[in-house]
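Asks: Hey, dropping upload02.txt in here, compact mmCIF, C-alpha atoms:
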```
# COMPACT_ATOMS: atom_id res chain seq x y z
CA MET A 1 -39.74 19.60 -5.05
CA THR A 2 -36.90 22.05 -4.35
CA ILE A 3 -35.57 23.58 -1.16
CA GLN A 4 -33.93 26.96 -1.23
CA GLU A 5 -32.41 29.03 1.56
CA ASN A 6 -33.53 32.63 1.25
CA CYS A 7 -30.92 34.07 3.61
CA PRO A 8 -27.14 33.87 4.09
CA ALA A 9 -25.64 31.28 6.42
CA ALA A 10 -25.04 33.79 9.23
CA ALA A 11 -27.14 33.17 12.34
CA THR A 12 -29.61 36.08 12.11
CA ASN A 13 -33.20 36.34 13.25
CA GLY A 14 -35.87 35.90 10.63
CA GLU A 15 -33.97 33.49 8.39
CA ARG A 16 -36.28 31.11 6.57
CA ALA A 17 -36.09 28.28 4.07
CA THR A 18 -38.57 27.89 1.23
CA LEU A 19 -39.92 24.52 0.16
CA ASN A 20 -41.61 24.42 -3.22
CA TYR A 21 -44.09 21.55 -3.44
CA GLN A 22 -46.65 21.18 -6.26
CA GLY A 23 -46.02 24.76 -7.30
CA LYS A 24 -46.78 26.15 -3.86
CA PRO A 25 -43.94 27.76 -1.85
CA THR A 26 -43.97 27.27 1.93
CA ASP A 27 -41.58 29.02 4.32
CA PHE A 28 -40.04 27.35 7.36
CA PRO A 29 -37.95 29.18 9.97
CA LEU A 30 -34.27 28.31 10.35
CA ARG A 31 -33.00 27.88 13.91
CA HIS A 32 -29.36 28.17 14.82
CA GLY A 33 -27.49 26.68 17.74
CA SER A 34 -24.36 28.10 19.35
CA ILE A 35 -22.29 25.67 17.25
CA GLY A 36 -23.09 22.92 14.79
CA PRO A 37 -25.59 22.63 11.94
CA SER A 38 -28.68 24.81 11.81
CA VAL A 39 -32.10 23.18 11.71
CA MET A 40 -35.19 23.78 9.62
CA ASP A 41 -38.25 23.98 11.86
CA ILE A 42 -40.77 21.76 10.06
CA GLY A 43 -43.28 21.60 12.90
CA LYS A 44 -46.00 22.87 10.52
CA LEU A 45 -44.91 20.78 7.54
CA TYR A 46 -47.99 18.54 7.55
CA LYS A 47 -50.38 21.41 8.20
CA ASP A 48 -48.96 23.51 5.38
CA THR A 49 -48.19 20.83 2.76
CA GLY A 50 -50.07 17.67 3.73
CA CYS A 51 -46.73 15.78 3.81
CA PHE A 52 -44.65 14.22 6.54
CA SER A 53 -40.86 14.13 6.46
CA TYR A 54 -39.23 10.71 6.06
CA ASP A 55 -36.02 10.11 8.00
CA PRO A 56 -35.39 6.48 9.10
CA GLY A 57 -33.23 6.47 12.20
CA PHE A 58 -33.80 10.22 12.62
CA THR A 59 -30.25 10.82 11.37
CA SER A 60 -31.17 14.24 9.96
CA THR A 61 -33.78 15.19 12.54
CA ALA A 62 -33.27 17.23 15.71
CA ASN A 63 -35.80 16.08 18.29
CA CYS A 64 -34.93 18.72 20.87
CA ALA A 65 -32.82 21.76 21.70
CA SER A 66 -30.14 20.85 24.24
CA LYS A 67 -27.34 22.59 26.14
CA ILE A 68 -25.66 19.45 27.46
CA THR A 69 -23.45 17.68 24.90
CA PHE A 70 -22.18 18.50 21.42
CA ILE A 71 -20.52 16.19 18.88
CA ASP A 72 -18.71 17.25 15.71
CA GLY A 73 -18.21 13.94 13.94
CA ASP A 74 -16.10 15.39 11.12
CA LYS A 75 -13.62 17.00 13.50
CA GLY A 76 -13.72 14.16 16.01
CA GLU A 77 -14.84 16.47 18.82
CA LEU A 78 -16.99 15.81 21.89
CA LEU A 79 -17.92 18.59 24.32
CA TYR A 80 -19.61 18.31 27.71
CA ARG A 81 -21.21 21.71 28.39
CA GLY A 82 -18.54 23.18 26.10
CA TYR A 83 -15.53 21.44 27.66
CA PRO A 84 -13.55 19.00 25.43
CA ILE A 85 -13.89 15.43 26.64
CA GLU A 86 -10.13 14.82 26.64
CA GLN A 87 -9.60 17.75 29.05
CA ILE A 88 -12.34 16.55 31.38
CA ALA A 89 -10.93 13.01 31.39
CA GLU A 90 -7.44 14.33 32.12
CA TYR A 91 -8.19 16.90 34.82
CA SER A 92 -11.55 16.02 36.37
CA ASN A 93 -13.26 13.02 37.96
CA PHE A 94 -16.57 11.29 37.38
CA LEU A 95 -18.59 12.92 40.17
CA ALA A 96 -17.41 16.39 39.16
CA THR A 97 -18.41 15.50 35.59
CA CYS A 98 -21.84 14.48 36.89
CA PHE A 99 -22.20 17.88 38.55
CA LEU A 100 -21.15 19.59 35.30
CA LEU A 101 -23.66 17.68 33.16
CA LEU A 102 -26.48 18.29 35.62
CA ASN A 103 -25.82 21.94 36.44
CA GLY A 104 -24.00 23.37 33.46
CA GLU A 105 -20.86 24.46 35.32
CA LEU A 106 -17.95 22.76 37.04
CA PRO A 107 -18.37 22.62 40.84
CA THR A 108 -16.42 24.75 43.26
CA ASN A 109 -14.53 22.84 45.95
CA GLU A 110 -17.38 23.41 48.40
CA GLN A 111 -20.03 22.38 45.87
CA PHE A 112 -18.11 19.21 45.07
CA ARG A 113 -17.79 18.26 48.73
CA ASP A 114 -21.53 18.79 49.25
CA PHE A 115 -22.41 16.85 46.10
CA ARG A 116 -20.15 13.95 47.00
CA ARG A 117 -21.60 13.85 50.51
CA THR A 118 -25.14 13.85 49.12
CA ILE A 119 -24.40 11.00 46.69
CA SER A 120 -22.72 9.01 49.48
CA MET A 121 -25.86 9.31 51.60
CA HIS A 122 -27.91 7.54 48.90
CA THR A 123 -25.62 4.64 47.96
CA MET A 124 -27.52 1.94 49.85
CA VAL A 125 -30.69 0.40 48.43
CA HIS A 126 -33.75 -0.62 50.40
CA GLU A 127 -32.99 -3.93 52.10
CA GLN A 128 -36.13 -5.52 50.67
CA MET A 129 -34.67 -5.04 47.19
CA THR A 130 -32.11 -7.76 47.89
CA ARG A 131 -34.97 -10.26 47.57
CA PHE A 132 -35.53 -9.23 43.97
CA PHE A 133 -32.27 -10.84 42.95
CA THR A 134 -33.26 -14.28 44.21
CA GLY A 135 -36.14 -14.21 41.73
CA PHE A 136 -33.68 -14.29 38.82
CA ARG A 137 -31.87 -17.38 37.61
CA ARG A 138 -28.18 -17.44 38.43
CA ASP A 139 -27.31 -17.42 34.75
CA ALA A 140 -29.53 -14.42 33.96
CA HIS A 141 -27.74 -11.72 32.01
CA PRO A 142 -26.89 -8.84 34.38
CA MET A 143 -28.56 -6.37 32.01
CA ALA A 144 -31.84 -8.26 32.37
CA VAL A 145 -31.46 -7.92 36.13
CA MET A 146 -30.67 -4.20 35.80
CA VAL A 147 -33.77 -3.49 33.73
CA GLY A 148 -36.00 -5.20 36.29
CA VAL A 149 -34.43 -3.85 39.47
CA VAL A 150 -34.05 -0.25 38.28
CA GLY A 151 -37.64 -0.22 37.03
CA ALA A 152 -38.73 -1.42 40.47
CA LEU A 153 -37.11 1.54 42.27
CA SER A 154 -40.31 3.54 41.83
CA ALA A 155 -42.06 0.95 44.03
CA PHE A 156 -39.71 1.83 46.90
CA TYR A 157 -39.08 5.56 46.58
CA HIS A 158 -42.49 7.21 46.24
CA ASP A 159 -41.14 10.54 47.46
CA SER A 160 -39.26 11.15 44.21
CA THR A 161 -41.68 10.19 41.42
CA ASP A 162 -43.65 13.44 41.00
CA ILE A 163 -41.95 14.83 37.92
CA SER A 164 -43.69 18.21 38.29
CA ASN A 165 -41.97 18.76 41.65
CA PRO A 166 -38.39 20.13 41.34
CA GLU A 167 -37.46 18.67 44.73
CA HIS A 168 -38.65 15.22 43.64
CA ARG A 169 -36.56 15.54 40.48
CA ARG A 170 -33.50 16.52 42.52
CA ILE A 171 -33.90 13.60 44.93
CA ALA A 172 -34.49 11.13 42.08
CA THR A 173 -31.36 12.42 40.35
CA ASN A 174 -29.18 11.88 43.41
CA ARG A 175 -30.66 8.46 44.09
CA MET A 176 -30.11 7.19 40.56
CA ILE A 177 -26.47 8.32 40.40
CA ALA A 178 -25.78 6.89 43.87
CA LYS A 179 -27.66 3.60 43.64
CA MET A 180 -26.80 2.50 40.12
CA PRO A 181 -23.28 1.27 41.08
CA THR A 182 -24.74 -0.58 44.06
CA ILE A 183 -27.37 -2.31 41.92
CA ALA A 184 -24.80 -3.13 39.25
CA ALA A 185 -22.41 -4.62 41.81
CA MET A 186 -25.26 -6.65 43.32
CA ALA A 187 -26.15 -8.00 39.88
CA TYR A 188 -22.56 -9.07 39.40
CA LYS A 189 -22.21 -10.64 42.84
CA TYR A 190 -25.46 -12.55 42.41
CA SER A 191 -24.33 -13.92 39.03
CA ILE A 192 -21.18 -15.45 40.55
CA GLY A 193 -22.80 -16.66 43.78
CA HIS A 194 -21.03 -14.22 46.10
CA PRO A 195 -22.64 -12.35 49.00
CA PHE A 196 -23.54 -8.71 48.42
CA ILE A 197 -20.96 -6.19 49.61
CA TYR A 198 -22.37 -3.01 51.10
CA PRO A 199 -21.13 0.40 49.93
CA ARG A 200 -18.44 2.27 51.86
CA ASN A 201 -18.94 6.00 52.05
CA ASP A 202 -15.30 6.63 52.93
CA LEU A 203 -14.26 5.63 49.41
CA ASP A 204 -14.61 7.72 46.28
CA TYR A 205 -17.33 6.82 43.76
CA THR A 206 -15.30 4.50 41.54
CA SER A 207 -13.23 2.89 44.32
CA ASN A 208 -16.45 2.14 46.17
CA PHE A 209 -17.86 0.42 43.10
CA LEU A 210 -14.73 -1.69 42.68
CA GLN A 211 -14.84 -2.86 46.28
CA MET A 212 -18.56 -3.74 45.99
CA CYS A 213 -17.70 -5.84 42.93
CA PHE A 214 -14.46 -7.52 43.99
CA ALA A 215 -14.28 -7.52 47.79
CA VAL A 216 -15.17 -10.67 49.75
CA PRO A 217 -16.04 -10.90 53.48
CA CYS A 218 -13.12 -13.19 54.34
CA GLU A 219 -10.28 -10.79 53.52
CA PRO A 220 -9.61 -7.06 53.05
CA TYR A 221 -9.76 -5.57 49.58
CA ILE A 222 -7.27 -2.90 48.54
CA VAL A 223 -8.24 -0.75 45.58
CA ASN A 224 -5.57 -0.42 42.93
CA PRO A 225 -5.33 3.35 42.23
CA VAL A 226 -4.43 2.81 38.56
CA VAL A 227 -7.51 0.63 38.09
CA ALA A 228 -9.72 3.08 39.99
CA ARG A 229 -8.53 5.99 37.87
CA ALA A 230 -8.99 3.97 34.67
CA LEU A 231 -12.57 3.02 35.55
CA ASP A 232 -13.30 6.61 36.58
CA ARG A 233 -12.11 7.69 33.13
CA ILE A 234 -14.26 5.05 31.45
CA PHE A 235 -17.27 6.43 33.35
CA ILE A 236 -16.42 9.98 32.26
CA LEU A 237 -16.05 8.99 28.61
CA HIS A 238 -19.42 7.21 28.62
CA ALA A 239 -21.35 9.75 30.72
CA ASP A 240 -23.24 11.31 27.80
CA HIS A 241 -23.16 11.26 24.01
CA GLU A 242 -25.82 13.60 22.70
CA GLN A 243 -29.11 12.18 21.29
CA ASN A 244 -28.08 8.53 20.87
CA ALA A 245 -30.56 5.65 20.83
CA SER A 246 -30.81 5.10 24.59
CA THR A 247 -30.91 8.83 25.42
CA SER A 248 -33.64 9.36 22.83
CA THR A 249 -35.49 6.42 24.42
CA VAL A 250 -35.28 8.05 27.85
CA ARG A 251 -36.55 11.34 26.46
CA LEU A 252 -39.37 9.62 24.58
CA ALA A 253 -40.44 7.68 27.67
CA GLY A 254 -40.18 10.84 29.77
CA SER A 255 -42.30 12.83 27.33
CA SER A 256 -45.29 10.71 28.38
CA GLY A 257 -44.86 11.77 32.01
CA ALA A 258 -43.41 8.43 33.15
CA ASN A 259 -41.53 8.47 36.46
CA PRO A 260 -37.74 8.89 36.28
CA PHE A 261 -36.94 5.32 37.36
CA ALA A 262 -39.09 3.88 34.58
CA CYS A 263 -37.43 6.23 32.08
CA ILE A 264 -33.94 5.14 33.11
CA ALA A 265 -35.00 1.47 32.93
CA SER A 266 -36.12 2.08 29.34
CA GLY A 267 -32.71 3.56 28.58
CA ILE A 268 -30.99 0.49 30.03
CA ALA A 269 -33.15 -1.78 27.87
CA CYS A 270 -32.19 0.17 24.73
CA LEU A 271 -28.53 0.28 25.71
CA TRP A 272 -28.48 -3.51 25.88
CA GLY A 273 -28.54 -3.77 22.08
CA PRO A 274 -25.29 -4.99 20.46
CA ALA A 275 -25.28 -2.02 18.09
CA HIS A 276 -25.27 0.38 21.05
CA GLY A 277 -24.04 -0.40 24.56
CA GLY A 278 -23.24 -3.98 23.70
CA ALA A 279 -20.63 -2.97 21.15
CA ASN A 280 -17.66 -3.44 23.51
CA GLU A 281 -18.99 -6.88 24.42
CA ALA A 282 -19.28 -7.67 20.70
CA ALA A 283 -15.72 -6.44 20.12
CA LEU A 284 -14.30 -8.77 22.74
CA THR A 285 -16.38 -11.66 21.42
CA MET A 286 -14.83 -11.01 18.01
CA LEU A 287 -11.34 -11.13 19.53
CA GLN A 288 -12.20 -14.49 21.07
CA GLU A 289 -13.35 -15.70 17.66
CA ILE A 290 -10.05 -14.65 16.10
CA GLY A 291 -8.25 -16.48 18.91
CA THR A 292 -4.60 -16.08 17.92
CA VAL A 293 -2.37 -13.49 16.32
CA GLU A 294 -1.71 -15.86 13.43
CA ARG A 295 -5.37 -15.77 12.38
CA ILE A 296 -5.61 -11.97 12.20
CA PRO A 297 -4.77 -11.74 8.43
CA GLU A 298 -7.64 -14.13 7.71
CA PHE A 299 -10.14 -11.87 9.49
CA ILE A 300 -8.66 -8.71 8.00
CA ALA A 301 -9.26 -10.22 4.54
CA LYS A 302 -12.85 -11.10 5.49
CA ALA A 303 -13.46 -7.55 6.70
CA LYS A 304 -12.31 -6.19 3.32
CA ASP A 305 -14.52 -8.64 1.42
CA LYS A 306 -18.00 -7.10 1.23
CA SER A 307 -19.54 -10.43 0.27
CA SER A 308 -18.34 -12.12 3.50
CA GLY A 309 -20.85 -10.34 5.73
CA PHE A 310 -18.14 -9.99 8.37
CA ARG A 311 -17.06 -6.70 9.89
CA LEU A 312 -14.55 -5.86 12.56
CA MET A 313 -16.32 -4.87 15.75
CA GLY A 314 -14.81 -1.97 17.67
CA PHE A 315 -13.71 -0.07 14.56
CA GLY A 316 -15.31 3.02 13.06
CA HIS A 317 -18.28 4.96 14.42
CA ARG A 318 -21.65 6.06 13.06
CA VAL A 319 -21.14 9.68 14.13
CA TYR A 320 -17.37 10.16 14.13
CA LYS A 321 -15.86 10.34 10.67
CA ASN A 322 -12.52 11.05 12.27
CA TYR A 323 -10.78 9.46 15.25
CA ASP A 324 -13.20 9.13 18.18
CA PRO A 325 -11.76 11.57 20.78
CA ARG A 326 -12.80 9.19 23.55
CA ALA A 327 -10.81 6.39 21.91
CA LYS A 328 -7.59 8.41 22.16
CA VAL A 329 -8.07 8.77 25.92
CA MET A 330 -9.15 5.15 26.24
CA GLN A 331 -6.13 3.91 24.30
CA LYS A 332 -3.76 5.55 26.79
CA THR A 333 -5.80 4.30 29.74
CA CYS A 334 -5.88 0.78 28.35
CA HIS A 335 -2.11 0.56 28.11
CA GLU A 336 -1.72 2.01 31.63
CA VAL A 337 -3.93 -0.75 33.03
CA LEU A 338 -2.19 -3.52 31.10
CA ASP A 339 1.17 -2.34 32.43
CA ALA A 340 -0.05 -1.88 36.02
CA LEU A 341 -1.66 -5.33 36.13
CA ASP A 342 1.08 -7.03 34.09
CA LYS A 343 -1.51 -8.40 31.64
CA ARG A 344 0.35 -7.99 28.34
CA ASP A 345 0.91 -11.74 28.13
CA ASP A 346 -2.83 -12.47 27.97
CA PRO A 347 -3.30 -14.23 24.56
CA LEU A 348 -6.53 -12.37 23.85
CA LEU A 349 -4.97 -9.03 24.65
CA LYS A 350 -2.05 -9.88 22.36
CA VAL A 351 -4.57 -10.39 19.55
CA ALA A 352 -6.15 -7.04 20.36
CA MET A 353 -2.86 -5.15 20.39
CA GLU A 354 -1.73 -6.69 17.10
CA LEU A 355 -5.11 -5.98 15.48
CA GLU A 356 -4.91 -2.38 16.67
CA LYS A 357 -1.44 -2.02 15.15
CA ILE A 358 -2.50 -3.46 11.78
CA ALA A 359 -5.70 -1.41 11.57
CA LEU A 360 -3.86 1.85 12.26
CA GLN A 361 -1.39 1.13 9.45
CA ASP A 362 -3.48 -0.68 6.83
CA ASP A 363 -4.38 1.59 3.89
CA TYR A 364 -7.88 0.10 3.63
CA PHE A 365 -8.84 0.98 7.20
CA VAL A 366 -7.04 4.32 7.20
CA SER A 367 -8.70 5.41 3.93
CA LYS A 368 -12.13 4.50 5.26
CA LYS A 369 -11.32 6.03 8.66
CA LEU A 370 -12.08 2.77 10.41
CA TYR A 371 -10.06 3.64 13.48
CA PRO A 372 -10.31 1.65 16.72
CA ASN A 373 -13.15 3.19 18.70
CA ILE A 374 -13.85 3.47 22.41
CA ASP A 375 -15.60 0.09 22.49
CA PHE A 376 -12.44 -1.66 21.28
CA TYR A 377 -10.24 -0.26 24.04
CA SER A 378 -12.80 -0.27 26.84
CA GLY A 379 -13.55 -3.96 26.32
CA ILE A 380 -9.85 -4.84 26.59
CA THR A 381 -9.45 -2.65 29.67
CA LEU A 382 -12.48 -4.04 31.47
CA ARG A 383 -11.36 -7.60 30.79
CA ALA A 384 -7.92 -6.80 32.21
CA ILE A 385 -9.52 -5.32 35.35
CA GLY A 386 -11.41 -8.57 35.87
CA PHE A 387 -14.96 -7.89 34.70
CA PRO A 388 -16.65 -10.65 32.69
CA VAL A 389 -17.98 -9.77 29.24
CA GLU A 390 -21.58 -9.85 30.50
CA MET A 391 -20.83 -6.87 32.79
CA PHE A 392 -19.50 -4.55 30.10
CA THR A 393 -22.87 -3.06 29.15
CA VAL A 394 -23.83 -2.83 32.81
CA LEU A 395 -20.80 -0.62 33.43
CA PHE A 396 -21.85 1.48 30.44
CA ALA A 397 -25.27 1.92 32.08
CA VAL A 398 -23.68 3.00 35.36
CA ALA A 399 -21.76 5.70 33.53
CA ARG A 400 -24.56 6.82 31.20
CA THR A 401 -27.12 7.19 34.00
CA VAL A 402 -26.08 10.78 34.69
CA GLY A 403 -26.39 11.67 31.01
CA TRP A 404 -29.85 10.13 30.83
CA ILE A 405 -30.94 12.03 33.92
CA ALA A 406 -29.49 15.33 32.73
CA GLN A 407 -31.27 14.91 29.38
CA TRP A 408 -34.50 13.83 31.11
CA ARG A 409 -34.49 16.86 33.41
CA GLU A 410 -33.78 19.19 30.50
CA MET A 411 -36.68 17.64 28.60
CA ILE A 412 -39.05 18.00 31.56
CA GLU A 413 -38.16 21.69 31.94
CA ASP A 414 -38.38 22.47 28.20
CA PRO A 415 -41.58 24.47 27.47
CA GLU A 416 -41.53 23.27 23.83
CA GLN A 417 -41.53 19.60 24.77
CA ARG A 418 -44.58 17.52 23.86
CA ILE A 419 -45.25 13.82 24.03
CA GLY A 420 -43.21 12.05 21.37
CA ARG A 421 -45.26 10.84 18.41
CA PRO A 422 -43.26 9.96 15.26
CA ARG A 423 -45.23 9.59 12.04
CA GLN A 424 -44.92 6.89 9.38
CA LEU A 425 -45.03 6.18 5.67
CA TYR A 426 -47.75 3.54 5.46
CA VAL A 427 -47.08 0.90 2.77
CA GLY A 428 -49.62 -1.78 3.77
CA PRO A 429 -52.98 -2.66 2.15
CA SER A 430 -55.39 0.20 1.51
CA ARG A 431 -58.90 0.07 2.95
CA ARG A 432 -60.72 -3.18 2.13
CA GLU A 433 -63.94 -4.79 3.27
CA PHE A 434 -64.02 -7.73 5.63
CA PRO A 435 -65.20 -10.90 3.76
CA LEU A 436 -68.66 -12.10 4.82
```
Written as C-alpha cells, how would this file's structure read?

Replies:
Amino acid sequence: MTIQENCPAAATNGERATLNYQGKPTDFPLRHGSIGPSVMDIGKLYKDTGCFSYDPGFTSTANCASKITFIDGDKGELLYRGYPIEQIAEYSNFLATCFLLLNGELPTNEQFRDFRRTISMHTMVHEQMTRFFTGFRRDAHPMAVMVGVVGALSAFYHDSTDISNPEHRRIATNRMIAKMPTIAAMAYKYSIGHPFIYPRNDLDYTSNFLQMCFAVPCEPYIVNPVVARALDRIFILHADHEQNASTSTVRLAGSSGANPFACIASGIACLWGPAHGGANEAALTMLQEIGTVERIPEFIAKAKDKSSGFRLMGFGHRVYKNYDPRAKVMQKTCHEVLDALDKRDDPLLKVAMELEKIALQDDYFVSKKLYPNIDFYSGITLRAIGFPVEMFTVLFAVARTVGWIAQWREMIEDPEQRIGRPRQLYVGPSRREFPL
C-alpha cells in the first residue's frame, strides 16, 4: 500500500491524496487549517476500501476542526485563539482569558466588567449541595468528590441542561466557570474538617478562591497579591491545551447529547489520571521519594538506566519536543512565590531546585530535550502556597473547566459533528459454536 500526494503543499482547494490498496487507487481530500499540519479526510475510507485506519491513542488523527487552541510541539508554541500563551500570562488575567477562549476575542473593558459581574452572580452553589459532602468519607480524595458533586449539578440546575438551547448553553457556561472554584474549595475544606467559607463577590476570581480555601471564621484573611497573581497565572496556563485526553473525553461525552454538567464531570474523571492532570502530583511525590539533595545523583543515574523502570516525573512532554512555553512562565512564577513566602529553605523545594539545575545542564537530558515541564514547577508552587498534594489535580480542573466548556460548545455548534464511535482491530477468537 502506498500513499501519494497529487498536489503541492500549498493550501489550495481540490487537493487530494491517493491511496493505492490492492491495485485500486482511492482519492481522499486534503484539508488545511490556518496553521499546522494538513489532514487527510478519511471519512469514506471504510466505504471505499473496506479498511479502517489504526491509530492507538489517536496521535495522528484529528477528531474535529477547532478555532480555540493551537500547539506547535516542535517550536514549543501554544496559542489561545492566536495569542501566544506567554503574552496572555504576562498581560491578561484568568477571567479575561476565559472570555477569549469562549468568544474568540479579548473583551473590551465594558465586556470584561459585565462578564466578571455575571460570573460573580453565580459563585454560590445550592445550599442543599452542602449535604453531598457529608456523604463522603473525610479521607476521600478531593477529585472523587469533584466528580460526584459536579455530575450532580444537573440535578439542581434544570434550566441549563437543554443543549439545543443557546441560552441554556450560555447559562451553563457561566455557572460552571463560577461554581467550580466554590466546589473545589468546599472539597478541600471538608477534607481538613473546616467549615465551608462562602464566596465574596468583592474579590477577583483567584483571590476569592484563595479566601474560600484558606480563610477561617475566627480571624480575617488577607490575600497575598503575589500568591493571587501566581495562582491566576497557573489557571491561565492550564485553561486549555488542544485535544488532550480530558478534552477529547468531554467532546466524546458531549457528542452523545449528554448535559454539560455530566460532560464536565467526565473530563474531571479523565483528568484524574497520573499521566494527565495528576502529573504535578506525581512530580512532587517523586521529590518526596528523593528526599535530600545528596540522593539526586542516585535518581539521575536510575533515570538514565532504561532497565531501571524509573523516570523523572515533571520532565519532558508528549507534545512539546522543545521547551514547554508554559514551563518558562511557570518557572518565573515559581521563584516569585518562593521569594515572597520565604520558602527557599524548605528541604523538598531545595531538592526541586537542585534537580532543575542539574537537568538543565546535564547532556543526557538536554540532548533528549527532557526539560522541566509545567507540572514540575506548578507542583512546587502549589506546595509553597499551602495546597496539599491531593488538591493539585483539583486546581487543574478548576482552570481547565473553561477550556472544556469552550470545546464542548464548539462541538455542539459544529454541523459536521456526529456521535463519537471509534472502530477497532479485532484480534479475539473468530466465530465458534457454543458447546452442547

Asks: Suppose you want the space between CA of Asp375 (chain A) and CA of Phe396 (chain A); what is it in Å?

Replies: 10.2 Å

Asks: Using all atoms listed in the file, find the one residue out of A:Pro56, A:Gly23, A:Val223, A:Leu30 that sits nearest to Gly43 (chain A).

Replies: A:Leu30

Asks: Excluding same-chain residues fewer than 4 positions from Pro220 (chain A), what lies within 10 Å of it counting all atoms listed in the file, as a list in words?

Replies: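 After dropping sequence-adjacent residues, the list is Gln211, Ala215 and Val216 of chain A.
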
Asks: Looking at A:Asn103, A:Thr108, A:Thr381, A:Thr49, which one is nearest to Phe28 (chain A), with distances taken over only C-alpha atoms?

Replies: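 When distances to Phe28 (chain A) are compared using only C-alpha atoms, the smallest one comes from A:Thr49.
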
Asks: So the first atom is CA of Glu110 (chain A) and the second is CA of Val402 (chain A); what is the distance between them in Å, to one decimal place?

Replies: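 If I compute the distance from CA of Glu110 (chain A) to CA of Val402 (chain A), I get 20.6 Å.
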
Asks: For Pro422 (chain A), please output as a list in words all residues within 12 Å (counting all atoms listed in the file; exclusion window: fewer than 5 positions along the same chain).

Replies: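 Using all atoms listed in the file, the neighbours found are Gly43, Phe52, Ser53, Tyr54, Asp55, Pro56, Gly57, Phe58, Thr61, Asn63 and Leu252 of chain A.
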
Asks: Fewer than 4 positions away in the same chain doesn't count, so skip those; otherwise give me all residues within 12 Å of Ala340 (chain A), counting all atoms listed in the file, as a short mmCIF file (atom, residue, chain, number, x, y, z; two decimals) with C-alpha atoms, in the coordinates of the input.

Replies:
```
data_model
loop_
_atom_site.label_atom_id
_atom_site.label_comp_id
_atom_site.auth_asym_id
_atom_site.auth_seq_id
_atom_site.Cartn_x
_atom_site.Cartn_y
_atom_site.Cartn_z
CA ASN A 224 -5.57 -0.42 42.93
CA PRO A 225 -5.33 3.35 42.23
CA VAL A 226 -4.43 2.81 38.56
CA VAL A 227 -7.51 0.63 38.09
CA ALA A 228 -9.72 3.08 39.99
CA ARG A 229 -8.53 5.99 37.87
CA ALA A 230 -8.99 3.97 34.67
CA THR A 333 -5.80 4.30 29.74
CA CYS A 334 -5.88 0.78 28.35
CA HIS A 335 -2.11 0.56 28.11
CA GLU A 336 -1.72 2.01 31.63
CA ARG A 344 0.35 -7.99 28.34
CA THR A 381 -9.45 -2.65 29.67
CA ALA A 384 -7.92 -6.80 32.21
CA ILE A 385 -9.52 -5.32 35.35
#
```

Asks: So the first atom is CA of Ser255 (chain A) and the second is CA of Arg418 (chain A); what is the distance between them in Å, to one decimal place?

Replies: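 Calculated distance between CA of Ser255 (chain A) and CA of Arg418 (chain A) is 6.3 Å.
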
Asks: Enumerate, as a list in words, the protein, DNA and RNA residues whose atoms approach (-22.5, 10.5, 33.4) to within 7 Å, taking into account all atoms listed in the file and the coordinate frame of the file.

Replies: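 Collected hits near the coordinates: Thr97, Cys98, Phe235, Ile236, His238, Ala239, Asp240, Ala399, Arg400, Thr401, Val402 and Gly403 of chain A.
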
Asks: Which one is closest to Tyr157 (chain A): A:Met143, A:Met180, A:Val125, A:Cys218? Count all atoms listed in the file.

Replies: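 Going through A:Met143, A:Met180, A:Val125, A:Cys218 one by one, the smallest distance to Tyr157 (chain A) is for A:Val125.
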
Asks: Near Gln407 (chain A), within 12 Å and counting only C-alpha atoms, which residues show up once chain neighbours fewer than 2 positions away are dropped, as a PyMOL selection string?

Replies: chain A and resi 64-69+101-104+173+239-244+246-255+260+263-264+267+400-405+409-414

Asks: Taking only C-alpha atoms into account, name the residue in A:Glu390, A:Asp159, A:Glu433, A:Asp41 that is nearest to Ala17 (chain A).

Replies: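 Selected residue with least distance to Ala17 (chain A): A:Asp41.
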
Asks: Excluding region 293-300 of chain A and its own-chain neighbours fewer than 2 positions away, which residues fall within 8 Å of it when counting all atoms listed in the file? Please give them as a list in words.

Replies: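 So the residues in contact are Ile290, Gly291, Lys302, Ala303, Lys304, Leu312, Lys350, Val351, Glu354 and Leu355 of chain A.
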
Asks: Between A:Gly76, A:Ala187, A:Asn259, A:Val150, which residue has the minimum interatomic distance to Tyr371 (chain A), considering only C-alpha atoms?

Replies: A:Gly76

Asks: Is it possible to get the axis-aligned box enclosing region 147-162 of chain A (all listed atoms, 4 Å extra per side) as lines of an AutoDock Vina configuration file, with centre and edge lengths in Å rounded to one decimal?

Replies:
```
center_x = -38.7
center_y = 4.1
center_z = 40.6
size_x = 17.9
size_y = 26.6
size_z = 21.7
```

Asks: Which residue gives the smallest distance to His317 (chain A) among A:Cys270, A:Leu395, A:Met129, A:Ala275, with only C-alpha atoms counted?

Replies: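 Distance minimum relative to His317 (chain A) lands on A:Ala275.
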
Asks: Select all residues near (-17.3, 11.0, 40.9) (cut-off 12 Å, inclusive, file coordinates), counting only C-alpha atoms, and output them as a PyMOL selection string.

Replies: chain A and resi 89+92-100+107+112-113+115-120+177-178+181+203-209+228-229+231-236+239+398-399+402
